[in-house]
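Asks: Got a structure for you, questions after.
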Amino acid sequence: MEFKSKDSGFTLIEVITSIAVLALISIPVFGSLYSSLNSDGAAEVLTEEATIAQNTAECIKAGDIKAVRLDEHSQGPRVYTVKIQESYINNGISRYNISVSLKKNGNSPYILSFYYKPDALSESSDAE
């Protein structure tokens, strides 16, 4: 009478080898996932900085400088610092530099620069 062996399982070497191959494949995948999440957060911060700077510029153009908060803006859990620098050019034209940066981070600020003459639109409509 002959006994048949039932070798239907994996050996320890096969299991260790498969785990090592899985680890070698997953390390680059997780690295790229981490990089993607990190750049997504940086893009979100940049978008919020641009939005704050544009809203500040619109308030200046509307003549509602009191609506502009010069100390800090909160966007969810993040707090941003806003600085406005005005320099007079000539003929009533001013140049504004609006600098917005994340308060707790030492990153380089988002800077929006524009030239503005408060009565430019009313003067051109009066000339017609």
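How things are named: the first chain in the structure tokens is A, the next is B, and so on; residues count from 1 in each chain; ligands count from 1 in the order shown.
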Please provide the set of residues having any atom within 12 Å of Asn107 (chain A), restricted to only C-alpha atoms, with same-chain residues fewer than 2 positions apart removed, written as a list in words.
Replies: Ala42, Val45, Leu46, Glu49, Tyr80, Thr81, Ser99, Val100, Ser101, Leu102, Lys103, Lys104, Asn105, Pro109 and Tyr110 of chain A
Asks: Would you output that residue set with C-alpha atoms, as a PDB file, in the first residue's frame?
Replies:
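result_4.pdb, written as the output of this step:
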```pdb
ATOM      1  CA  ALA A  42       1.248  72.825  -1.121  1.00  0.00           C
ATOM      2  CA  VAL A  45      -1.939  76.616   0.383  1.00  0.00           C
ATOM      3  CA  LEU A  46      -0.900  78.466  -2.791  1.00  0.00           C
ATOM      4  CA  GLU A  49      -2.859  82.635  -0.671  1.00  0.00           C
ATOM      5  CA  TYR A  80      -2.178  83.662   6.845  1.00  0.00           C
ATOM      6  CA  THR A  81      -0.353  86.960   7.307  1.00  0.00           C
ATOM      7  CA  SER A  99       2.143  89.784   0.251  1.00  0.00           C
ATOM      8  CA  VAL A 100       0.354  86.735   1.708  1.00  0.00           C
ATOM      9  CA  SER A 101       2.136  83.954   3.569  1.00  0.00           C
ATOM     10  CA  LEU A 102       1.318  81.101   5.881  1.00  0.00           C
ATOM     11  CA  LYS A 103       1.848  82.400   9.409  1.00  0.00           C
ATOM     12  CA  LYS A 104       3.457  79.361  11.050  1.00  0.00           C
ATOM     13  CA  ASN A 105       5.628  78.487   8.049  1.00  0.00           C
ATOM     14  CA  PRO A 109       5.076  84.639   0.333  1.00  0.00           C
ATOM     15  CA  TYR A 110       2.637  84.870  -2.546  1.00  0.00           C
TER      16      TYR A 110
END
```
Asks: Residues of region 17-127 of chain A in strand (DSSP E or B) according to DSSP, as a PyMOL selection string?
Replies: chain A and resi 72-75+78-90+93-102+110-116
Asks: Quick one: pull the distance between CA of Ile84 (chain A) and CA of Ala57 (chain A), Å, one decimal.
Replies: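 If I compute the distance from CA of Ile84 (chain A) to CA of Ala57 (chain A), I get 9.5 Å.
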Asks: Residues of region 9-115 of chain A classed as alpha helix (DSSP H) by DSSP on the backbone are to be reported as number ranges by chain.
Replies: A: 12-61
Asks: Just the number, please: distance in Å from CA of Val82 (chain A) to CA of Ala53 (chain A), one decimal.
Replies: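 If I compute the distance from CA of Val82 (chain A) to CA of Ala53 (chain A), I get 7.9 Å.
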Asks: At what distance in Å, to one decimal, does CA of Val79 (chain A) lie from CA of Asp64 (chain A)?
Replies: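 A separation of 22.5 Å between them.
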